[in-house]
Amino acid sequence: MTVLQLEGTRLEKKRISKPLVRYFLATIGVIFIVAMHYFQHNPGGSGLELSFNAAVWIPFSFAISFGLLEICRQQIWRYSRLTLLLFTCCVLLTLPIFYSNADAGAAFNRLFTLWAGFLFFVSLQQFVFTHQQRQRLLWFILIGVLIEAIFAWYQYLWIPAKNPIGYDTIANRPYGIFQQPNVMASFLATGLVIGTYLLARIPLYRGKWSWQHVTLLITPILTIPILVVLNSRTGWLGAIIGIVLMLPYLRRFAAKQAQRLWLLMITLGLCLAWNISSTENWSPKENSTSLESLRAIHFPQAYDMFTTKPLTGYGYGKFEAAYITQTALWHNEDPAQHAGVPSLDHPHNELLFWADEGGIVPLIGLLLAAFAVMVKIRKAPNGTQLALIGLFFPIVLHTQLEYPFYHSLVHWLIFIILIFWVDNLTTKYHRQSLSYVLGLKVFALIVPIFISSFMITTLYSGWQLTKFETTRPVNIEYLLKVNNPWSWKNRFDWDLQLTQLQLGISSNKPALIEDYIQWATEKAKTWPRPALYQNLILAYDALGNKEQASQIRDEALFLFPSLNFEQQNSQAKSTSAAK
């Protein structure tokens, strides 16, 4: 019998390279176990103004890179119908950037994060995970939740009044690393729901309990008391409804003994919350137990903005200026209508935000994405559909009441992972062979280098700005050390220009004051904040231009009729004189 030797010839079947799955999972682990817990002093805000977001971007960029390199190594692109639908949705969300009324620079960060999320989803699809590896994705999220829950316990019960992270022990709302209680609440609620979901997926072998079961059972005890004391309606609703949606799944797939112990842990968590709140003399705030909030004002206003310009919107990156101007016009025409909420740069509803800025096209994109994911959930095995909805519920609810994706990059990554989880449970992947991958390989190698360099300089520049703002007397050297002003544009420009104004007033240098006026006048077109107008009035007063100061004051009162700029301006003069 003739034996045909194939090895070493062109007839040999091409072997698939060893996948990068371990490296990819390692980067996900670094995100949730290390990077997201990074703290650096900052003045608050959103996006890269919060240090942990900049830290998360570094391993996030490596995760995308490993996924793209996997395509290059195998020369095969794995995708599903959902991939194509989400790509279409991203295109629809991007189209309004090309409208004539758009401010591309102001909307760049949001669209960059959108497409980075899509590439992350594509990267997840390139790996053929084992059952354990796939579940590890959810475990990483849960570990991150437990770390933050333990940190929150420390904040609530043991952290001293004078602490190195600047935690407010008087308000005492343990927000973890997120610096915003509602963001922390939706994060913990998501972890509580994921823990319940995993408990039903890990069987008991011969009645023996593993460390995984123990971890999942202590999750309610660690998270529920913190959810209670956080005073977050968003967190309470997300956790309660998410758990209710998870109950049929738990009852059907979890062992009876696990079900009973889980109910016991839920009860213990609630009892512990009651005991702690009683001991600490805690009581829920009135605005957390009622439906009254500023949302009752700006939700209808944002909806009316959409109906006023449903086709093109007011322009990407222009929500704040358009909102405060439009509501001022409505209030001026009819004083019975509410004036705009000052410094509102997001309507606290993701659908309204994209619709107000971009019109109907991005709204269709968002609804199409939601519909596509719901179709995927509908195709899931019987008994699992409600549980899959429950996984999404805390974060989805939060996006309709605030803007968690802008406060926390981790929330965006969890959302993408959950979409992949649903897709992976229900899809049949298609494979597309690729012959030319050099360009993709170069892109995959450049991405982590560029993003990591940018984020490291962002953290360094934020550190210098914070030192400048907190050091007395003011030391301009800290501003000169800022090597990445692009990521801190509003804050850097504000510090620089305000310092220039104060120097101009104190040293009687009109040229410096006039430079500030020129900058502030232009800045007010895109960033109309009360403090900006207050300082602009102060600048004209310092030049002795009472008529122009009066005009700016009238404009400020037109935009912000509820504020007293006479009093604020007097306070600003006193502060400036003191300095």
# chains A, B, ... in the order shown; residues from 1 in each chain; ligands from 1

$ residues_around --residues "range 548-563 of chain A" --least-positions-apart "2" --cutoff "6 Å" --atoms "only C-alpha atoms" --output "number ranges by chain"
A: 328, 537, 540, 545-546

$ closest_atom_pairs --of "range 309-387 of chain A" --to "range 419-426 of chain A" --cutoff "12 Å" --atoms "only C-alpha atoms" --output "Markdown table"
| residue | atom | partner | partner_atom | distance |
| --- | --- | --- | --- | --- |
| A:Ala369 | CA | A:Ile419 | CA | 10.2 |
| A:Ala370 | CA | A:Ile419 | CA | 10.2 |
| A:Ala372 | CA | A:Asp423 | CA | 10.0 |
| A:Val373 | CA | A:Ile419 | CA | 7.0 |
| A:Met374 | CA | A:Val422 | CA | 9.4 |
| A:Val375 | CA | A:Thr426 | CA | 10.0 |
| A:Lys376 | CA | A:Asp423 | CA | 6.4 |
| A:Ile377 | CA | A:Val422 | CA | 6.4 |
| A:Arg378 | CA | A:Thr426 | CA | 9.2 |
| A:Lys379 | CA | A:Thr426 | CA | 6.3 |
| A:Ala380 | CA | A:Thr426 | CA | 5.7 |
| A:Pro381 | CA | A:Thr426 | CA | 8.1 |
| A:Asn382 | CA | A:Thr426 | CA | 11.6 |
| A:Thr384 | CA | A:Val422 | CA | 10.3 |
| A:Gln385 | CA | A:Val422 | CA | 9.6 |
| A:Leu386 | CA | A:Val422 | CA | 11.9 |
| A:Ala387 | CA | A:Val422 | CA | 10.7 |

$ closest_residue --among "A:Thr307, A:Asn182, A:Gln126, A:Ser461" --to "Ala355 in chain A" --atoms "only C-alpha atoms"
A:Thr307

$ select_by_dssp --residues "range 379-488 of chain A" --states "strand (DSSP E)" --output "list in words"
His430, Arg431, Gln432 and Ser433 of chain A

$ closest_atom_pairs --of "range 381-488 of chain A" --to "range 72-86 of chain A" --cutoff "8 Å" --atoms "only C-alpha atoms" --output "tab-separated table"
residue	atom	partner	partner_atom	distance
A:Asp423	CA	A:Leu82	CA	7.3
A:Thr427	CA	A:Ser80	CA	6.7
A:Lys428	CA	A:Ser80	CA	6.7
A:Tyr429	CA	A:Ser80	CA	5.0
A:His430	CA	A:Tyr79	CA	5.4
A:Arg431	CA	A:Arg78	CA	4.7
A:Gln432	CA	A:Trp77	CA	5.1
A:Ser433	CA	A:Ile76	CA	4.5
A:Leu434	CA	A:Gln75	CA	5.0
A:Ser435	CA	A:Gln75	CA	6.7
A:Val437	CA	A:Cys72	CA	5.6
A:Leu438	CA	A:Cys72	CA	7.8
A:Leu440	CA	A:Cys72	CA	7.1
A:Lys441	CA	A:Cys72	CA	6.2

$ write_last_selection --atoms "N, CA, C and O atoms" --output "compact mmCIF listing (two decimals), in the first residue's frame"
# COMPACT_ATOMS: atom_id res chain seq x y z
N ASP A 423 -25.48 36.75 21.75
CA ASP A 423 -25.20 36.36 20.37
C ASP A 423 -24.55 34.99 20.32
O ASP A 423 -24.89 34.15 19.47
N THR A 427 -26.30 32.07 17.98
CA THR A 427 -25.94 32.32 16.58
C THR A 427 -25.16 31.17 15.96
O THR A 427 -24.59 30.32 16.64
N LYS A 428 -25.12 31.20 14.64
CA LYS A 428 -24.27 30.34 13.84
C LYS A 428 -23.32 31.26 13.09
O LYS A 428 -23.73 32.05 12.25
N TYR A 429 -22.04 31.16 13.40
CA TYR A 429 -21.08 32.09 12.85
C TYR A 429 -20.75 31.78 11.40
O TYR A 429 -20.67 30.62 10.98
N HIS A 430 -20.54 32.84 10.65
CA HIS A 430 -20.06 32.73 9.28
C HIS A 430 -18.56 32.99 9.27
O HIS A 430 -18.04 33.71 10.13
N ARG A 431 -17.88 32.44 8.28
CA ARG A 431 -16.44 32.61 8.17
C ARG A 431 -16.09 33.20 6.81
O ARG A 431 -16.53 32.69 5.79
N GLN A 432 -15.30 34.25 6.84
CA GLN A 432 -14.85 34.89 5.62
C GLN A 432 -13.33 34.83 5.55
O GLN A 432 -12.64 35.37 6.42
N SER A 433 -12.81 34.16 4.52
CA SER A 433 -11.37 34.06 4.36
C SER A 433 -10.81 35.40 3.88
O SER A 433 -11.41 36.09 3.05
N LEU A 434 -9.67 35.77 4.42
CA LEU A 434 -9.00 37.01 4.07
C LEU A 434 -7.61 36.71 3.52
O LEU A 434 -6.85 35.94 4.11
N SER A 435 -7.29 37.31 2.40
CA SER A 435 -5.99 37.07 1.76
C SER A 435 -4.97 38.13 2.16
O SER A 435 -3.79 37.85 2.34
N VAL A 437 -3.95 40.84 4.87
CA VAL A 437 -4.21 41.28 6.25
C VAL A 437 -3.13 42.21 6.78
O VAL A 437 -3.14 42.55 7.96
N LEU A 438 -2.20 42.63 5.92
CA LEU A 438 -1.10 43.47 6.39
C LEU A 438 -1.61 44.77 6.98
O LEU A 438 -1.17 45.19 8.06
N LEU A 440 -4.52 45.44 8.30
CA LEU A 440 -5.20 45.17 9.57
C LEU A 440 -4.19 44.88 10.66
O LEU A 440 -4.37 45.32 11.82
N LYS A 441 -3.11 44.17 10.32
CA LYS A 441 -2.08 43.85 11.31
C LYS A 441 -1.38 45.11 11.80
O LYS A 441 -1.15 45.28 13.01

$ closest_residue --among "A:Thr196, A:Ser487, A:Asn231, A:Ser65" --to "Thr219 in chain A" --atoms "only C-alpha atoms"
A:Thr196

$ closest_residue --among "A:Ile97, A:Leu445, A:Ile241, A:Leu397" --to "Glu357 in chain A" --atoms "only C-alpha atoms"
A:Ile97

$ residues_around --residues "range 153-164 of chain A" --least-positions-apart "6" --cutoff "9 Å" --atoms "only C-alpha atoms" --output "count of residues only"
12

$ closest_residue --among "A:Ser408, A:Ser293, A:Thr130, A:Thr470" --to "Asn53 in chain A" --atoms "only C-alpha atoms"
A:Ser408

$ closest_residue --among "A:Thr499, A:Thr521, A:Pro448, A:Ser343" --to "Pro473 in chain A" --atoms "only C-alpha atoms"
A:Thr499
